[in-house]
$ cat coords11.txt   # compact mmCIF, C-alpha atoms
# COMPACT_ATOMS: atom_id res chain seq x y z
CA MET A 1 81.95 8.22 -10.47
CA PRO A 2 83.77 11.37 -11.57
CA PHE A 3 87.41 11.84 -10.73
CA TYR A 4 88.36 13.91 -7.72
CA GLY A 5 87.61 17.56 -8.45
CA CYS A 6 86.35 16.94 -11.99
CA GLU A 7 82.57 17.32 -11.90
CA ALA A 8 82.31 17.50 -15.70
CA GLY A 9 84.34 14.31 -16.15
CA LEU A 10 87.93 13.81 -17.21
CA ASP A 11 89.97 16.59 -18.67
CA MET A 12 92.81 15.89 -21.07
CA PHE A 13 95.60 16.44 -18.53
CA VAL A 14 94.03 14.21 -15.89
CA LEU A 15 93.55 11.46 -18.47
CA LEU A 16 97.15 11.75 -19.68
CA ALA A 17 98.47 11.79 -16.12
CA LEU A 18 96.37 8.70 -15.30
CA ALA A 19 97.75 6.85 -18.32
CA VAL A 20 101.36 7.65 -17.47
CA ALA A 21 100.88 6.93 -13.75
CA LEU A 22 99.36 3.56 -14.63
CA PHE A 23 102.33 2.87 -16.93
CA ILE A 24 104.77 3.72 -14.11
CA PHE A 25 102.85 1.55 -11.66
CA VAL A 26 102.74 -1.43 -14.05
CA MET A 27 106.42 -1.07 -15.00
CA GLY A 28 107.34 -0.90 -11.33
CA ALA A 29 105.31 -4.00 -10.52
CA TRP A 30 106.88 -5.77 -13.49
CA GLY A 31 110.33 -4.92 -12.15
CA VAL A 32 109.45 -6.18 -8.68
CA PHE A 33 108.19 -9.55 -9.91
CA ALA A 34 110.42 -10.09 -12.96
CA PRO A 35 113.56 -7.95 -12.73
CA GLY A 36 115.39 -10.03 -15.34
CA SER A 37 112.88 -9.31 -18.08
CA ILE A 38 112.72 -5.61 -17.29
CA PHE A 39 116.50 -5.41 -17.84
CA ALA A 40 115.92 -6.23 -21.51
CA PHE A 41 113.14 -3.66 -21.78
CA ILE A 42 115.26 -0.90 -20.25
CA SER A 43 118.24 -1.81 -22.44
CA GLY A 44 115.98 -1.29 -25.46
CA TRP A 45 115.83 2.42 -24.60
CA SER A 46 119.55 2.70 -25.34
CA SER A 47 119.08 4.21 -28.79
CA LYS A 48 118.62 7.69 -30.23
CA THR A 49 114.90 6.98 -30.63
CA GLY A 50 114.66 5.77 -27.03
CA PHE A 51 116.52 8.87 -25.87
CA TRP A 52 114.10 11.27 -27.56
CA LEU A 53 111.13 9.18 -26.48
CA ALA A 54 112.37 9.45 -22.87
CA VAL A 55 112.57 13.24 -23.27
CA LEU A 56 109.06 13.39 -24.73
CA LEU A 57 107.55 11.11 -22.07
CA ARG A 58 109.07 13.10 -19.22
CA LEU A 59 107.86 16.39 -20.66
CA CYS A 60 104.35 15.08 -21.35
CA PHE A 61 104.05 13.49 -17.91
CA GLY A 62 105.40 16.59 -16.21
CA LEU A 63 103.02 18.92 -18.05
CA ALA A 64 100.09 16.59 -17.44
CA LEU A 65 100.83 16.47 -13.71
CA TRP A 66 101.35 20.22 -13.53
CA PHE A 67 98.06 21.08 -15.24
CA ALA A 68 96.05 18.26 -13.63
CA ALA A 69 97.31 19.08 -10.12
CA PRO A 70 94.57 21.58 -9.12
CA ASP A 71 91.91 18.87 -9.62
CA THR A 72 93.62 16.25 -7.45
CA ARG A 73 93.80 15.17 -3.82
CA ALA A 74 97.45 16.26 -3.53
CA PRO A 75 97.94 19.31 -5.76
CA VAL A 76 101.22 20.47 -4.19
CA LEU A 77 102.77 17.02 -4.48
CA LEU A 78 101.68 16.61 -8.10
CA ARG A 79 102.94 20.09 -9.00
CA ALA A 80 106.31 19.20 -7.45
CA LEU A 81 106.47 15.85 -9.30
CA GLY A 82 105.38 17.60 -12.49
CA ALA A 83 108.09 20.24 -12.15
CA LEU A 84 110.68 17.54 -11.47
CA ALA A 85 109.61 15.55 -14.55
CA ILE A 86 109.74 18.70 -16.72
CA LEU A 87 113.22 19.55 -15.43
CA LEU A 88 114.40 15.99 -16.08
CA GLY A 89 112.92 16.11 -19.58
CA LEU A 90 114.65 19.40 -20.33
CA GLY A 91 117.88 18.14 -18.75
CA LEU A 92 118.23 15.02 -20.89
CA PRO A 93 119.19 16.87 -24.10
CA ILE A 94 121.68 18.90 -22.05
CA ILE A 95 123.46 15.81 -20.70
CA GLY A 96 123.34 14.22 -24.14
CA TYR A 97 122.76 10.81 -25.62
CA GLU A 98 126.16 9.33 -24.69
CA ARG A 99 125.69 10.00 -20.99
CA PHE A 100 122.09 8.76 -21.21
CA GLU A 101 123.48 5.47 -22.57
CA ARG A 102 125.99 5.24 -19.72
CA VAL A 103 123.25 5.81 -17.15
CA ILE A 104 121.18 2.99 -18.67
CA GLU A 105 124.23 0.69 -18.67
CA TRP A 106 124.94 1.61 -15.03
CA TRP A 107 121.32 1.08 -14.02
CA THR A 108 120.94 -2.28 -15.73
CA GLY A 109 124.26 -3.42 -14.24
CA HIS A 110 122.80 -3.70 -10.75
CA SER A 111 121.68 -6.89 -9.09
CA ALA A 112 118.10 -8.15 -9.24
CA PHE A 113 117.64 -7.09 -5.59
CA VAL A 114 118.58 -3.47 -6.34
CA MET A 115 116.35 -3.52 -9.42
CA ARG A 116 113.47 -4.75 -7.25
CA LEU A 117 114.04 -1.90 -4.77
CA TRP A 118 113.99 0.74 -7.53
CA SER A 119 110.94 -0.93 -9.05
CA LEU A 120 109.19 -0.89 -5.69
CA LEU A 121 109.83 2.86 -5.51
CA ALA A 122 108.37 3.30 -9.01
CA THR A 123 105.31 1.26 -8.01
CA ALA A 124 104.81 3.42 -4.93
CA ILE A 125 105.13 6.67 -6.90
CA GLY A 126 102.79 5.40 -9.61
CA GLY A 127 100.29 4.26 -6.99
CA LEU A 128 100.48 7.59 -5.15
CA VAL A 129 99.83 9.53 -8.35
CA LEU A 130 96.97 7.17 -9.28
CA TRP A 131 95.41 7.63 -5.83
CA SER A 132 95.76 11.39 -6.08
CA LEU A 133 94.12 11.52 -9.51
CA THR A 134 91.14 9.26 -8.71

$ encode --input "coords11.txt" --output "structure tokens"
Amino acid sequence: MPFYGCEAGLDMFVLLALAVALFIFVMGAWGVFAPGSIFAFISGWSSKTGFWLAVLLRLCFGLALWFAAPDTRAPVLLRALGALAILLGLGLPIIGYERFERVIEWWTGHSAFVMRLWSLLATAIGGLVLWSLT
């Protein structure tokens, strides 16, 4: 069955958006069911490599959503999420690595309940994007 709006099959942006949406969904579910282990994963991003990887992932996901949006069930929503991801990706180098580290420390300092709530939000966003793309 072809993806919504893609009679010729998958295009590159839809495939990339699907991969990242699935990643967000799985990470969110992981955080809901095992918030302690996701703390360690998130703390691993607190490096210069993790910082630039976060920039790259946000930009790639944002561009993929932006360009895949016309072929989806919710093009306006995906364009908005894409624009937000692009802005966040461009904003990270502006705020700098030191502040990025502080945000990670702040985020991982919350209780397991708060982590589960944030993870539930990530699961919902990932699921919404997956639904829109399929």

$ closest_residue --input "coords11.txt" --among "A:Leu15, A:Gly62, A:Ile42, A:Leu133" --to "Gly28 (chain A)" --atoms "all atoms listed in the file"
A:Ile42

$ closest_residue --input "coords11.txt" --among "A:Ile125, A:Val55, A:Ala34, A:Leu120" --to "Phe100 (chain A)" --atoms "all atoms listed in the file"
A:Val55

$ residues_around --input "coords11.txt" --residues "region 102-114 of chain A" --least-positions-apart "5" --cutoff "10 Å" --atoms "only C-alpha atoms" --output "number ranges by chain"
A: 31-32, 34-36, 38-46, 97, 119-120

$ atom_distance --input "coords11.txt" --atom1 "CA of Val14 (chain A)" --atom2 "CA of Ala68 (chain A)"
5.1 Å

$ axis_aligned_box --input "coords11.txt" --around "region 101-116 of chain A" --padding-each-side "5 Å" --output "lines of an AutoDock Vina configuration file"
center_x = 119.7
center_y = -1.2
center_z = -14.1
size_x = 22.5
size_y = 24.0
size_z = 27.0

$ atom_distance --input "coords11.txt" --atom1 "CA of Leu59 (chain A)" --atom2 "CA of Leu77 (chain A)"
17.0 Å

$ closest_residue --input "coords11.txt" --among "A:Val20, A:Met12, A:Leu56, A:Ala69" --to "Pro93 (chain A)" --atoms "only C-alpha atoms"
A:Leu56

$ closest_residue --input "coords11.txt" --among "A:Leu88, A:Leu128, A:Met115, A:Cys60" --to "Trp30 (chain A)" --atoms "all atoms listed in the file"
A:Met115

$ residues_near_point --input "coords11.txt" --point "(93.0, 15.8, -16.9)" --cutoff "10 Å" --atoms "only C-alpha atoms" --output "number ranges by chain"
A: 3, 6, 9-18, 64-65, 67-72, 133

$ atom_distance --input "coords11.txt" --atom1 "CA of Ala122 (chain A)" --atom2 "CA of Ala29 (chain A)"
8.1 Å

$ decode --input "coords11.txt" --residues "region 76-123 of chain A" --atoms "N, CA and C atoms" --output "PDB file, in the first residue's frame"
ATOM      1  N   VAL A  76      -0.389  21.126   7.031  1.00  0.00           N
ATOM      2  CA  VAL A  76      -0.152  22.361   7.787  1.00  0.00           C
ATOM      3  C   VAL A  76       0.549  22.039   9.110  1.00  0.00           C
ATOM      4  N   LEU A  77       0.080  21.006   9.787  1.00  0.00           N
ATOM      5  CA  LEU A  77       0.690  20.602  11.044  1.00  0.00           C
ATOM      6  C   LEU A  77       2.149  20.196  10.838  1.00  0.00           C
ATOM      7  N   LEU A  78       2.408  19.398   9.805  1.00  0.00           N
ATOM      8  CA  LEU A  78       3.790  18.951   9.580  1.00  0.00           C
ATOM      9  C   LEU A  78       4.684  20.097   9.139  1.00  0.00           C
ATOM     10  N   ARG A  79       4.157  21.045   8.382  1.00  0.00           N
ATOM     11  CA  ARG A  79       4.958  22.228   8.040  1.00  0.00           C
ATOM     12  C   ARG A  79       5.291  23.014   9.301  1.00  0.00           C
ATOM     13  N   ALA A  80       4.326  23.157  10.207  1.00  0.00           N
ATOM     14  CA  ALA A  80       4.573  23.886  11.456  1.00  0.00           C
ATOM     15  C   ALA A  80       5.609  23.157  12.321  1.00  0.00           C
ATOM     16  N   LEU A  81       5.461  21.837  12.460  1.00  0.00           N
ATOM     17  CA  LEU A  81       6.451  21.071  13.228  1.00  0.00           C
ATOM     18  C   LEU A  81       7.825  21.121  12.564  1.00  0.00           C
ATOM     19  N   GLY A  82       7.841  21.068  11.236  1.00  0.00           N
ATOM     20  CA  GLY A  82       9.102  21.160  10.505  1.00  0.00           C
ATOM     21  C   GLY A  82       9.779  22.499  10.726  1.00  0.00           C
ATOM     22  N   ALA A  83       9.002  23.578  10.645  1.00  0.00           N
ATOM     23  CA  ALA A  83       9.570  24.911  10.869  1.00  0.00           C
ATOM     24  C   ALA A  83      10.094  25.043  12.297  1.00  0.00           C
ATOM     25  N   LEU A  84       9.353  24.501  13.258  1.00  0.00           N
ATOM     26  CA  LEU A  84       9.804  24.543  14.652  1.00  0.00           C
ATOM     27  C   LEU A  84      11.113  23.771  14.828  1.00  0.00           C
ATOM     28  N   ALA A  85      11.207  22.583  14.239  1.00  0.00           N
ATOM     29  CA  ALA A  85      12.437  21.787  14.351  1.00  0.00           C
ATOM     30  C   ALA A  85      13.618  22.504  13.701  1.00  0.00           C
ATOM     31  N   ILE A  86      13.385  23.146  12.557  1.00  0.00           N
ATOM     32  CA  ILE A  86      14.459  23.891  11.884  1.00  0.00           C
ATOM     33  C   ILE A  86      14.916  25.054  12.760  1.00  0.00           C
ATOM     34  N   LEU A  87      13.961  25.794  13.315  1.00  0.00           N
ATOM     35  CA  LEU A  87      14.321  26.911  14.195  1.00  0.00           C
ATOM     36  C   LEU A  87      15.085  26.437  15.425  1.00  0.00           C
ATOM     37  N   LEU A  88      14.661  25.311  16.004  1.00  0.00           N
ATOM     38  CA  LEU A  88      15.384  24.769  17.154  1.00  0.00           C
ATOM     39  C   LEU A  88      16.793  24.316  16.763  1.00  0.00           C
ATOM     40  N   GLY A  89      16.918  23.727  15.581  1.00  0.00           N
ATOM     41  CA  GLY A  89      18.236  23.309  15.106  1.00  0.00           C
ATOM     42  C   GLY A  89      19.156  24.491  14.862  1.00  0.00           C
ATOM     43  N   LEU A  90      18.617  25.558  14.305  1.00  0.00           N
ATOM     44  CA  LEU A  90      19.421  26.761  14.074  1.00  0.00           C
ATOM     45  C   LEU A  90      19.704  27.503  15.380  1.00  0.00           C
ATOM     46  N   GLY A  91      18.801  27.368  16.348  1.00  0.00           N
ATOM     47  CA  GLY A  91      18.969  28.056  17.619  1.00  0.00           C
ATOM     48  C   GLY A  91      20.002  27.430  18.539  1.00  0.00           C
ATOM     49  N   LEU A  92      20.213  26.139  18.428  1.00  0.00           N
ATOM     50  CA  LEU A  92      21.180  25.476  19.322  1.00  0.00           C
ATOM     51  C   LEU A  92      22.585  26.076  19.234  1.00  0.00           C
ATOM     52  N   PRO A  93      23.151  26.274  18.042  1.00  0.00           N
ATOM     53  CA  PRO A  93      24.487  26.894  18.014  1.00  0.00           C
ATOM     54  C   PRO A  93      24.493  28.314  18.583  1.00  0.00           C
ATOM     55  N   ILE A  94      23.351  28.993  18.511  1.00  0.00           N
ATOM     56  CA  ILE A  94      23.281  30.350  19.050  1.00  0.00           C
ATOM     57  C   ILE A  94      23.331  30.321  20.574  1.00  0.00           C
ATOM     58  N   ILE A  95      22.606  29.381  21.190  1.00  0.00           N
ATOM     59  CA  ILE A  95      22.636  29.317  22.658  1.00  0.00           C
ATOM     60  C   ILE A  95      23.943  28.718  23.161  1.00  0.00           C
ATOM     61  N   GLY A  96      24.586  27.907  22.349  1.00  0.00           N
ATOM     62  CA  GLY A  96      25.899  27.385  22.701  1.00  0.00           C
ATOM     63  C   GLY A  96      25.878  26.069  23.461  1.00  0.00           C
ATOM     64  N   TYR A  97      27.035  25.450  23.472  1.00  0.00           N
ATOM     65  CA  TYR A  97      27.194  24.130  24.077  1.00  0.00           C
ATOM     66  C   TYR A  97      26.995  24.158  25.588  1.00  0.00           C
ATOM     67  N   GLU A  98      27.516  25.189  26.267  1.00  0.00           N
ATOM     68  CA  GLU A  98      27.426  25.235  27.728  1.00  0.00           C
ATOM     69  C   GLU A  98      25.971  25.283  28.191  1.00  0.00           C
ATOM     70  N   ARG A  99      25.172  26.079  27.521  1.00  0.00           N
ATOM     71  CA  ARG A  99      23.754  26.152  27.905  1.00  0.00           C
ATOM     72  C   ARG A  99      23.033  24.846  27.550  1.00  0.00           C
ATOM     73  N   PHE A 100      23.398  24.247  26.424  1.00  0.00           N
ATOM     74  CA  PHE A 100      22.850  22.950  26.032  1.00  0.00           C
ATOM     75  C   PHE A 100      23.100  21.928  27.137  1.00  0.00           C
ATOM     76  N   GLU A 101      24.326  21.930  27.686  1.00  0.00           N
ATOM     77  CA  GLU A 101      24.661  21.025  28.786  1.00  0.00           C
ATOM     78  C   GLU A 101      23.797  21.290  30.016  1.00  0.00           C
ATOM     79  N   ARG A 102      23.582  22.558  30.336  1.00  0.00           N
ATOM     80  CA  ARG A 102      22.752  22.903  31.490  1.00  0.00           C
ATOM     81  C   ARG A 102      21.307  22.465  31.303  1.00  0.00           C
ATOM     82  N   VAL A 103      20.800  22.580  30.075  1.00  0.00           N
ATOM     83  CA  VAL A 103      19.430  22.138  29.800  1.00  0.00           C
ATOM     84  C   VAL A 103      19.315  20.630  29.993  1.00  0.00           C
ATOM     85  N   ILE A 104      20.308  19.884  29.519  1.00  0.00           N
ATOM     86  CA  ILE A 104      20.288  18.427  29.704  1.00  0.00           C
ATOM     87  C   ILE A 104      20.346  18.086  31.195  1.00  0.00           C
ATOM     88  N   GLU A 105      21.216  18.762  31.945  1.00  0.00           N
ATOM     89  CA  GLU A 105      21.301  18.515  33.387  1.00  0.00           C
ATOM     90  C   GLU A 105      19.974  18.841  34.073  1.00  0.00           C
ATOM     91  N   TRP A 106      19.340  19.955  33.670  1.00  0.00           N
ATOM     92  CA  TRP A 106      18.052  20.329  34.250  1.00  0.00           C
ATOM     93  C   TRP A 106      16.996  19.273  33.916  1.00  0.00           C
ATOM     94  N   TRP A 107      16.988  18.845  32.663  1.00  0.00           N
ATOM     95  CA  TRP A 107      15.963  17.904  32.220  1.00  0.00           C
ATOM     96  C   TRP A 107      16.110  16.547  32.889  1.00  0.00           C
ATOM     97  N   THR A 108      17.328  16.071  33.021  1.00  0.00           N
ATOM     98  CA  THR A 108      17.547  14.766  33.650  1.00  0.00           C
ATOM     99  C   THR A 108      17.444  14.835  35.172  1.00  0.00           C
ATOM    100  N   GLY A 109      17.345  16.039  35.726  1.00  0.00           N
ATOM    101  CA  GLY A 109      17.209  16.191  37.173  1.00  0.00           C
ATOM    102  C   GLY A 109      15.784  16.046  37.675  1.00  0.00           C
ATOM    103  N   HIS A 110      14.847  15.863  36.780  1.00  0.00           N
ATOM    104  CA  HIS A 110      13.444  15.729  37.181  1.00  0.00           C
ATOM    105  C   HIS A 110      13.146  14.317  37.680  1.00  0.00           C
ATOM    106  N   SER A 111      12.002  14.197  38.321  1.00  0.00           N
ATOM    107  CA  SER A 111      11.582  12.894  38.835  1.00  0.00           C
ATOM    108  C   SER A 111      11.170  11.971  37.684  1.00  0.00           C
ATOM    109  N   ALA A 112      11.043  10.693  38.005  1.00  0.00           N
ATOM    110  CA  ALA A 112      10.623   9.712  37.000  1.00  0.00           C
ATOM    111  C   ALA A 112       9.212  10.031  36.492  1.00  0.00           C
ATOM    112  N   PHE A 113       8.351  10.563  37.343  1.00  0.00           N
ATOM    113  CA  PHE A 113       6.995  10.915  36.930  1.00  0.00           C
ATOM    114  C   PHE A 113       7.014  12.013  35.864  1.00  0.00           C
ATOM    115  N   VAL A 114       7.810  13.044  36.085  1.00  0.00           N
ATOM    116  CA  VAL A 114       7.919  14.139  35.110  1.00  0.00           C
ATOM    117  C   VAL A 114       8.523  13.614  33.812  1.00  0.00           C
ATOM    118  N   MET A 115       9.528  12.766  33.930  1.00  0.00           N
ATOM    119  CA  MET A 115      10.134  12.170  32.730  1.00  0.00           C
ATOM    120  C   MET A 115       9.093  11.361  31.956  1.00  0.00           C
ATOM    121  N   ARG A 116       8.259  10.646  32.650  1.00  0.00           N
ATOM    122  CA  ARG A 116       7.195   9.872  31.982  1.00  0.00           C
ATOM    123  C   ARG A 116       6.213  10.791  31.261  1.00  0.00           C
ATOM    124  N   LEU A 117       5.863  11.923  31.874  1.00  0.00           N
ATOM    125  CA  LEU A 117       4.955  12.867  31.216  1.00  0.00           C
ATOM    126  C   LEU A 117       5.563  13.428  29.932  1.00  0.00           C
ATOM    127  N   TRP A 118       6.822  13.860  29.984  1.00  0.00           N
ATOM    128  CA  TRP A 118       7.501  14.360  28.785  1.00  0.00           C
ATOM    129  C   TRP A 118       7.608  13.262  27.735  1.00  0.00           C
ATOM    130  N   SER A 119       7.897  12.057  28.175  1.00  0.00           N
ATOM    131  CA  SER A 119       8.016  10.930  27.249  1.00  0.00           C
ATOM    132  C   SER A 119       6.677  10.603  26.602  1.00  0.00           C
ATOM    133  N   LEU A 120       5.609  10.730  27.363  1.00  0.00           N
ATOM    134  CA  LEU A 120       4.276  10.516  26.812  1.00  0.00           C
ATOM    135  C   LEU A 120       3.970  11.545  25.724  1.00  0.00           C
ATOM    136  N   LEU A 121       4.389  12.784  25.949  1.00  0.00           N
ATOM    137  CA  LEU A 121       4.222  13.822  24.929  1.00  0.00           C
ATOM    138  C   LEU A 121       5.020  13.475  23.670  1.00  0.00           C
ATOM    139  N   ALA A 122       6.255  13.020  23.841  1.00  0.00           N
ATOM    140  CA  ALA A 122       7.069  12.619  22.689  1.00  0.00           C
ATOM    141  C   ALA A 122       6.423  11.456  21.937  1.00  0.00           C
ATOM    142  N   THR A 123       5.883  10.499  22.666  1.00  0.00           N
ATOM    143  CA  THR A 123       5.204   9.364  22.031  1.00  0.00           C
ATOM    144  C   THR A 123       4.002   9.842  21.229  1.00  0.00           C
TER     145      THR A 123
END
